[in-house]
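Structure file target-v2.txt (compact mmCIF, C-alpha atoms) follows.
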```txt
# COMPACT_ATOMS: atom_id res chain seq x y z
CA MET A 175 -9.55 -130.50 87.64
CA MET A 176 -12.55 -130.03 89.94
CA LEU A 177 -15.81 -131.77 89.00
CA ALA A 178 -18.45 -129.40 87.65
CA ARG A 179 -21.05 -130.50 90.23
CA VAL A 180 -18.62 -129.79 93.09
CA ALA A 181 -17.70 -126.38 91.67
CA ASP A 182 -21.39 -125.49 91.25
CA ALA A 183 -22.24 -126.64 94.77
CA LEU A 184 -19.43 -124.57 96.31
CA TYR A 185 -20.33 -121.50 94.23
CA TRP A 186 -23.97 -121.71 95.32
CA MET A 187 -23.05 -122.44 98.90
CA GLY A 188 -21.03 -119.21 98.92
CA ARG A 189 -23.99 -117.34 97.46
CA TYR A 190 -26.55 -118.75 99.88
CA ILE A 191 -24.48 -118.07 103.01
CA GLU A 192 -23.77 -114.53 101.84
CA ARG A 193 -27.46 -114.04 101.05
CA ALA A 194 -28.43 -115.20 104.53
CA GLU A 195 -25.99 -112.71 106.07
CA ASN A 196 -27.22 -109.89 103.83
CA VAL A 197 -30.91 -110.47 104.54
CA THR A 198 -30.35 -110.78 108.28
CA ARG A 199 -28.45 -107.49 108.35
CA LEU A 200 -31.13 -105.74 106.28
CA LEU A 201 -33.74 -106.94 108.77
CA MET A 202 -31.73 -105.64 111.73
CA VAL A 203 -31.13 -102.22 110.15
CA ALA A 204 -34.75 -101.83 109.00
CA SER A 205 -36.01 -102.85 112.45
CA ASP A 206 -33.85 -100.21 114.13
CA PHE A 207 -34.90 -97.56 111.63
CA SER A 208 -38.57 -98.47 112.09
CA VAL A 209 -38.25 -98.00 115.85
CA GLU A 210 -36.69 -94.55 115.27
CA LEU A 211 -39.59 -93.59 113.00
CA GLU A 212 -42.34 -95.06 115.21
CA GLY A 213 -44.93 -92.40 115.94
CA LEU A 214 -43.00 -89.81 113.89
CA ASP A 215 -43.52 -90.82 110.27
CA ASP A 216 -45.40 -94.07 109.65
CA ARG A 217 -45.24 -93.48 105.90
CA LEU A 218 -41.44 -93.58 105.96
CA ALA A 219 -41.47 -96.66 108.19
CA HIS A 220 -43.60 -98.48 105.62
CA ARG A 221 -41.33 -97.26 102.84
CA GLU A 222 -38.27 -98.61 104.64
CA TRP A 223 -39.72 -102.12 104.66
CA GLU A 224 -40.89 -101.76 101.06
CA ALA A 225 -37.28 -100.92 100.17
CA VAL A 226 -36.05 -104.09 101.88
CA LEU A 227 -38.44 -106.21 99.81
CA ALA A 228 -37.53 -104.34 96.62
CA ALA A 229 -33.85 -105.13 97.24
CA LEU A 230 -34.74 -108.85 97.46
CA PRO A 231 -36.27 -109.76 94.08
CA GLY A 232 -38.23 -112.99 94.33
CA ALA A 233 -39.14 -112.57 97.99
CA SER A 234 -42.68 -113.54 98.98
CA PRO A 235 -45.12 -110.71 99.83
CA VAL A 236 -45.47 -109.98 103.55
CA ALA A 237 -48.94 -110.18 105.08
CA LEU A 238 -49.37 -107.37 107.63
CA GLY A 239 -51.75 -107.78 110.56
CA LYS A 240 -53.61 -104.91 112.20
CA SER A 241 -51.97 -105.40 115.59
CA SER A 242 -48.60 -106.97 114.80
CA GLY A 243 -46.84 -103.81 113.57
CA LEU A 244 -44.25 -103.91 110.80
CA ILE A 245 -41.24 -105.63 112.36
CA VAL A 246 -42.71 -108.98 113.41
CA PRO A 247 -44.40 -109.96 110.10
CA HIS A 248 -41.34 -108.95 108.06
CA VAL A 249 -38.96 -110.88 110.30
CA ARG A 250 -41.25 -113.92 110.24
CA SER A 251 -41.34 -113.84 106.45
CA LEU A 252 -37.72 -112.96 105.65
CA LEU A 253 -36.02 -114.78 108.51
CA LEU A 254 -38.13 -117.85 109.26
CA ASP A 255 -40.50 -118.71 106.40
CA GLU A 256 -39.30 -121.89 104.67
CA GLU A 257 -41.65 -121.18 101.75
CA ASN A 258 -40.09 -117.79 101.07
CA PRO A 259 -37.21 -118.35 98.61
CA MET A 260 -35.35 -115.27 99.90
CA SER A 261 -35.68 -116.02 103.62
CA VAL A 262 -32.64 -116.68 105.78
CA PHE A 263 -34.05 -120.09 106.71
CA SER A 264 -34.40 -121.05 103.03
CA SER A 265 -30.90 -119.81 102.19
CA LEU A 266 -29.31 -121.74 105.05
CA ALA A 267 -31.28 -124.86 104.11
CA ARG A 268 -29.99 -124.66 100.55
CA ALA A 269 -26.44 -124.01 101.71
CA ARG A 270 -26.78 -127.06 103.97
CA ASP A 271 -28.04 -129.24 101.09
CA ASN A 272 -25.07 -128.19 98.97
CA ALA A 273 -22.67 -128.85 101.85
CA ARG A 274 -24.06 -132.37 102.28
CA SER A 275 -23.50 -133.14 98.60
CA ILE A 276 -19.81 -132.22 98.76
CA GLY A 277 -18.92 -133.17 102.30
CA GLU A 278 -15.41 -134.28 101.43
CA THR A 279 -14.40 -130.72 100.46
CA LEU A 280 -15.47 -129.07 103.75
CA THR A 281 -14.31 -129.19 107.37
CA ARG A 282 -16.15 -130.34 110.45
CA GLU A 283 -16.20 -126.79 111.80
CA VAL A 284 -18.01 -125.48 108.72
CA PHE A 285 -20.57 -128.30 108.86
CA THR A 286 -21.16 -127.84 112.58
CA THR A 287 -21.72 -124.07 112.50
CA LEU A 288 -23.96 -124.29 109.42
CA ASN A 289 -26.08 -127.07 110.93
CA GLU A 290 -26.32 -125.35 114.31
CA THR A 291 -27.38 -121.99 112.87
CA HIS A 292 -30.02 -123.66 110.70
CA ARG A 293 -31.28 -125.80 113.60
CA GLU A 294 -31.63 -122.85 115.98
CA LEU A 295 -33.73 -120.98 113.44
CA ARG A 296 -35.92 -124.05 112.89
CA ASP A 297 -36.44 -124.55 116.63
CA ARG A 298 -37.39 -120.91 117.30
CA ARG A 299 -39.82 -120.43 114.43
CA LYS A 300 -42.97 -120.46 116.62
CA GLY A 301 -41.84 -118.23 119.48
CA LEU A 302 -41.93 -114.84 117.79
CA ARG A 303 -44.47 -112.57 119.49
CA ASN A 304 -43.15 -109.00 119.53
CA ALA A 305 -40.64 -106.64 117.94
CA VAL A 306 -38.02 -107.11 120.67
CA GLN A 307 -38.01 -110.89 120.22
CA ALA A 308 -37.87 -110.44 116.44
CA HIS A 309 -34.85 -108.15 116.61
CA ASP A 310 -33.10 -110.37 119.16
CA LEU A 311 -33.59 -113.45 116.97
CA ALA A 312 -32.25 -111.63 113.92
CA SER A 313 -29.21 -110.46 115.91
CA HIS A 314 -28.58 -113.95 117.29
CA THR A 315 -28.87 -115.47 113.82
CA HIS A 316 -26.48 -112.87 112.43
CA LEU A 317 -23.88 -113.81 115.03
CA GLY A 318 -24.32 -117.47 114.08
CA ILE A 319 -23.74 -116.68 110.42
CA LEU A 320 -20.65 -114.62 111.24
CA THR A 321 -19.34 -117.57 113.27
CA MET A 322 -19.91 -119.81 110.24
CA LEU A 323 -18.03 -117.36 108.03
CA GLY A 324 -15.20 -117.40 110.56
CA ALA A 325 -15.06 -121.20 110.35
CA ILE A 326 -14.83 -120.94 106.56
CA GLU A 327 -12.01 -118.40 106.81
CA HIS A 328 -10.02 -120.28 109.42
CA THR A 329 -10.37 -123.92 108.39
CA LEU A 330 -10.75 -124.29 104.62
CA THR A 331 -7.82 -124.88 102.30
CA ARG A 332 -7.19 -122.11 99.76
CA ASP A 333 -7.74 -124.30 96.71
CA GLN A 334 -10.12 -124.31 93.72
CA GLY A 335 -13.06 -125.16 95.98
CA TRP A 336 -12.31 -122.16 98.17
CA THR A 337 -12.10 -119.97 95.06
CA TYR A 338 -15.52 -121.09 93.78
CA MET A 339 -17.10 -120.47 97.19
CA LYS A 340 -15.58 -116.99 97.48
CA LEU A 341 -16.59 -116.26 93.89
CA GLY A 342 -20.20 -117.01 94.81
CA GLU A 343 -19.89 -114.85 97.91
CA ALA A 344 -18.49 -111.90 95.95
CA MET A 345 -21.17 -112.22 93.26
CA GLU A 346 -24.02 -112.27 95.78
CA ARG A 347 -22.55 -109.38 97.77
CA SER A 348 -21.96 -107.17 94.73
CA GLN A 349 -25.43 -107.76 93.31
CA ARG A 350 -27.07 -107.09 96.68
CA SER A 351 -25.13 -103.84 97.15
CA LEU A 352 -26.29 -102.65 93.74
CA LEU A 353 -29.90 -103.65 94.40
CA VAL A 354 -29.96 -101.86 97.76
CA MET A 355 -28.47 -98.74 96.21
CA ARG A 356 -30.86 -98.87 93.25
CA VAL A 357 -33.81 -98.83 95.67
CA GLN A 358 -32.49 -96.43 98.31
CA LEU A 359 -30.66 -93.71 96.38
CA PRO A 360 -33.76 -92.25 94.62
CA VAL A 361 -35.60 -92.10 97.95
CA LEU A 362 -32.71 -90.56 99.88
CA SER A 363 -32.13 -87.95 97.19
CA THR A 364 -35.56 -86.46 98.00
CA ILE A 365 -34.66 -85.79 101.66
CA GLU A 366 -33.13 -82.34 102.03
CA HIS A 367 -30.68 -81.68 104.85
CA GLU A 368 -31.97 -78.14 105.38
CA VAL A 369 -35.60 -79.29 105.73
CA ASP A 370 -35.09 -82.24 108.08
CA PRO A 371 -31.43 -82.80 109.10
CA SER A 372 -32.24 -85.61 111.56
CA LEU A 373 -34.11 -87.63 108.91
CA PHE A 374 -31.42 -86.85 106.32
CA TYR A 375 -28.66 -88.28 108.51
CA ALA A 376 -30.77 -91.22 109.66
CA GLY A 377 -31.52 -92.21 106.06
CA TRP A 378 -27.94 -92.07 104.78
CA ARG A 379 -26.66 -93.71 107.93
CA SER A 380 -29.18 -96.53 107.41
CA LEU A 381 -27.92 -97.06 103.84
CA LEU A 382 -24.33 -97.40 105.03
CA LEU A 383 -25.39 -99.76 107.83
CA SER A 384 -27.39 -101.85 105.35
CA LEU A 385 -24.13 -102.43 103.46
CA ALA A 386 -21.98 -102.89 106.59
CA SER A 387 -19.99 -99.80 105.63
CA LEU A 388 -20.71 -97.08 108.21
CA GLU A 389 -17.50 -97.44 110.21
CA ASN A 390 -15.41 -97.89 107.06
CA TYR A 391 -16.92 -94.72 105.60
CA ARG A 392 -16.27 -92.74 108.77
CA ARG A 393 -12.64 -93.85 108.86
CA ALA A 394 -12.20 -92.63 105.29
CA HIS A 395 -14.35 -89.49 105.29
CA GLY A 396 -15.26 -88.57 108.85
CA ALA A 397 -18.72 -88.10 110.34
CA ALA A 398 -20.21 -85.86 107.62
CA LEU A 399 -22.68 -87.70 105.37
CA ASP A 400 -22.48 -86.09 101.96
CA PRO A 401 -24.69 -87.93 99.41
CA LYS A 402 -22.14 -87.77 96.57
CA THR A 403 -19.34 -88.95 98.81
CA VAL A 404 -21.41 -91.84 100.18
CA THR A 405 -22.45 -92.90 96.67
CA ARG A 406 -18.87 -92.73 95.39
CA PHE A 407 -17.64 -94.72 98.40
CA LEU A 408 -20.21 -97.51 97.99
CA LEU A 409 -19.63 -97.77 94.26
CA PHE A 410 -15.93 -97.19 93.75
CA ASP A 411 -13.92 -97.71 96.93
CA PRO A 412 -11.50 -100.56 96.09
CA SER A 413 -10.96 -101.76 99.65
CA THR A 414 -14.22 -101.65 101.61
CA PRO A 415 -15.82 -105.13 101.34
CA ARG A 416 -19.34 -104.11 100.25
CA ALA A 417 -18.27 -101.54 97.68
CA VAL A 418 -19.11 -102.70 94.17
CA ARG A 419 -15.62 -102.06 92.79
CA CYS A 420 -14.10 -104.17 95.56
CA GLY A 421 -16.42 -107.06 94.72
CA VAL A 422 -15.73 -106.79 90.99
CA GLY A 423 -11.99 -106.78 91.65
CA ARG A 424 -12.31 -109.89 93.80
CA MET A 425 -14.28 -111.73 91.12
CA LYS A 426 -11.76 -110.76 88.47
CA ALA A 427 -8.94 -112.17 90.63
CA TYR A 428 -10.82 -115.39 91.47
CA LEU A 429 -11.73 -116.07 87.84
CA SER A 430 -8.16 -115.39 86.71
CA SER A 431 -6.84 -117.97 89.18
CA LEU A 432 -9.10 -120.80 87.94
CA PRO A 433 -7.97 -123.23 85.20
CA ALA A 434 -8.36 -121.76 81.73
CA GLY A 435 -9.81 -124.90 80.14
CA ASP A 436 -13.46 -123.89 80.58
CA SER A 437 -14.63 -121.51 77.84
CA GLY A 438 -17.41 -120.13 80.05
CA LEU A 439 -14.94 -119.20 82.77
CA ARG A 440 -12.61 -117.61 80.23
CA THR A 441 -15.43 -115.45 78.93
CA ALA A 442 -16.54 -114.61 82.48
CA ALA A 443 -12.98 -113.53 83.31
CA ARG A 444 -12.97 -111.21 80.28
CA VAL A 445 -16.33 -109.68 81.25
CA MET A 446 -15.12 -109.03 84.79
CA GLY A 447 -11.80 -107.70 83.56
CA LYS A 448 -13.59 -105.21 81.33
CA LEU A 449 -15.99 -104.20 84.12
CA ASP A 450 -13.09 -103.75 86.57
CA ALA A 451 -11.31 -101.50 84.05
CA ASP A 452 -14.48 -99.51 83.41
CA MET A 453 -15.04 -98.95 87.13
CA THR A 454 -11.43 -97.88 87.52
CA TYR A 455 -11.39 -95.33 84.69
CA ASP A 456 -15.03 -94.18 84.50
CA GLU A 457 -15.46 -93.14 88.13
CA GLU A 458 -15.44 -89.41 87.49
CA ARG A 459 -17.78 -89.69 84.50
CA VAL A 460 -20.30 -91.72 86.51
CA MET A 461 -20.13 -89.38 89.51
CA GLU A 462 -20.95 -86.41 87.25
CA LEU A 463 -24.24 -88.06 86.22
CA GLU A 464 -27.41 -86.60 87.70
CA ASP A 465 -28.84 -90.12 88.03
CA VAL A 466 -26.57 -93.15 88.55
CA GLY A 467 -29.52 -95.54 88.18
CA PRO A 468 -28.73 -96.54 84.56
CA PHE A 469 -25.12 -97.24 85.56
CA LEU A 470 -26.30 -99.47 88.43
CA ASN A 471 -28.55 -101.37 86.00
CA GLU A 472 -25.70 -101.81 83.52
CA VAL A 473 -23.39 -103.25 86.19
CA LEU A 474 -26.17 -105.56 87.40
CA HIS A 475 -26.65 -106.78 83.83
CA ARG A 476 -22.95 -107.56 83.45
CA LEU A 477 -22.85 -109.38 86.77
CA SER A 478 -25.88 -111.44 85.73
CA GLU A 479 -24.14 -112.29 82.46
CA THR A 480 -21.06 -113.40 84.40
CA HIS A 481 -23.17 -115.50 86.77
CA ASP A 482 -24.73 -117.31 83.80
CA LEU A 483 -21.28 -118.04 82.40
CA ILE A 484 -20.03 -119.41 85.74
CA THR A 485 -22.93 -121.71 86.51
CA ARG A 486 -23.12 -124.99 84.68
CA GLN A 487 -26.20 -126.79 85.99
CA GLY A 488 -28.33 -124.08 87.59
CA ALA A 489 -28.93 -123.68 91.31
CA PRO A 490 -28.56 -127.04 93.11
```
Using the file provided, produce a representation of the structure as structure tokens.
Amino acid sequence: MMLARVADALYWMGRYIERAENVTRLLMVASDFSVELEGLDDRLAHREWEAVLAALPGASPVALGKSSGLIVPHVRSLLLDEENPMSVFSSLARARDNARSIGETLTREVFTTLNETHRELRDRRKGLRNAVQAHDLASHTHLGILTMLGAIEHTLTRDQGWTYMKLGEAMERSQRSLLVMRVQLPVLSTIEHEVDPSLFYAGWRSLLLSLASLENYRRAHGAALDPKTVTRFLLFDPSTPRAVRCGVGRMKAYLSSLPAGDSGLRTAARVMGKLDADMTYDEERVMELEDVGPFLNEVLHRLSETHDLITRQGAP
């Protein structure tokens, strides 16, 4: 039986690494979208960054300077600021602290890539002067995080520790997908294809990119971006990694594979089993709703309930 402190540390390590990847990708997508909107619609550019912050509850406010534009201050805050609890630097630091406390359960490759990615961010915190440097640093950091995830995939034993780490990853990913959709769908629904087709496609494309799902969507549905089809895909597709149903199915499987001695885990497994069944059989009912916002909130609530049941000692 795995010690509770080790299980908690691995669960949170999975969450923090996934959070770092999510935030870095959101920064990259928002930066690209801001460049597209530059000089065309400053209001929408501001709204794009507001949406990023709204999808990251608990993030520190971003102080905008008169001459620094939008990209640099947001990247400084959400990538590099150690005082910002939602920044990539903070997430990697916490993942590193957890890794140090349970070193015997990890491999050298995981330690090395985590330490190196964190160190490179720390060393480059003072050299950010313009939007190009900001985007390049976010892209470089993203590659470092993907390398770390590759080390986890290729070197860790598929045991209880692995299951707790992947459970944390799936929880963080599913919650973030729901939060991004909760912020973006109401905004995108106001953009009419007939009025501004270029902005319509750019907005829906940005949503899919934010959830690393553009290519997966195109393979399944082609190049057309129909709002209902995109929403259905991101909520209910069982195989694309950032779809909510895929994440719920993963959590159900992980929880079912853990020892049944812990009452909290047993209850969490039941909650996820019920949610997985609901998402399987209620798809058509949900897609007939005029507003899926209440459904997103309900799923977020059930994920939060499951998170509370899984964690034993709070965030290390």
Could you tell me how far atom CA of A:Arg189 sits from atom CA of A:Arg379, in Å to one decimal place? 26.0 Å
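When only C-alpha atoms are used to compute distances to A:Asp271, the closest of the residues A:Ala181, A:Leu483, A:Val354, A:Leu288 turns out to be A:Leu288.
Using all atoms listed in the file for every distance, the candidate list A:Glu479, A:Arg406, A:Gly447, A:Ala386 yields A:Arg406 as the residue closest to A:Arg459.
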Which polymer residues, whether protein, DNA or RNA, lie within 12 Å of the coordinate (-11.7, -91.0, 97.6) when you count only C-alpha atoms? List them as a short mmCIF file (atom, residue, chain, number, x, y, z; two decimals) with C-alpha atoms, keeping the file's coordinate frame, using the chain letters and numbers from the file.
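See point34.cif below for the written result:
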```
data_model
loop_
_atom_site.label_atom_id
_atom_site.label_comp_id
_atom_site.auth_asym_id
_atom_site.auth_seq_id
_atom_site.Cartn_x
_atom_site.Cartn_y
_atom_site.Cartn_z
CA TYR A 391 -16.92 -94.72 105.60
CA ARG A 393 -12.64 -93.85 108.86
CA ALA A 394 -12.20 -92.63 105.29
CA HIS A 395 -14.35 -89.49 105.29
CA LYS A 402 -22.14 -87.77 96.57
CA THR A 403 -19.34 -88.95 98.81
CA VAL A 404 -21.41 -91.84 100.18
CA THR A 405 -22.45 -92.90 96.67
CA ARG A 406 -18.87 -92.73 95.39
CA PHE A 407 -17.64 -94.72 98.40
CA LEU A 408 -20.21 -97.51 97.99
CA LEU A 409 -19.63 -97.77 94.26
CA PHE A 410 -15.93 -97.19 93.75
CA ASP A 411 -13.92 -97.71 96.93
CA PRO A 412 -11.50 -100.56 96.09
CA SER A 413 -10.96 -101.76 99.65
CA THR A 414 -14.22 -101.65 101.61
CA GLU A 457 -15.46 -93.14 88.13
CA GLU A 458 -15.44 -89.41 87.49
CA MET A 461 -20.13 -89.38 89.51
#
```
I'd like to know which of A:Gly243, A:Pro433, A:Gly377, A:Gly421 is closest to A:Ser363, using only C-alpha atoms. A:Gly377
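For the atom pair formed by atom CA of A:Ser478 and atom CA of A:Ser265, the distance is 19.1 Å, given to one decimal.
Between atom CA of A:Met453 and atom CA of A:Leu439 the separation is 20.7 Å.
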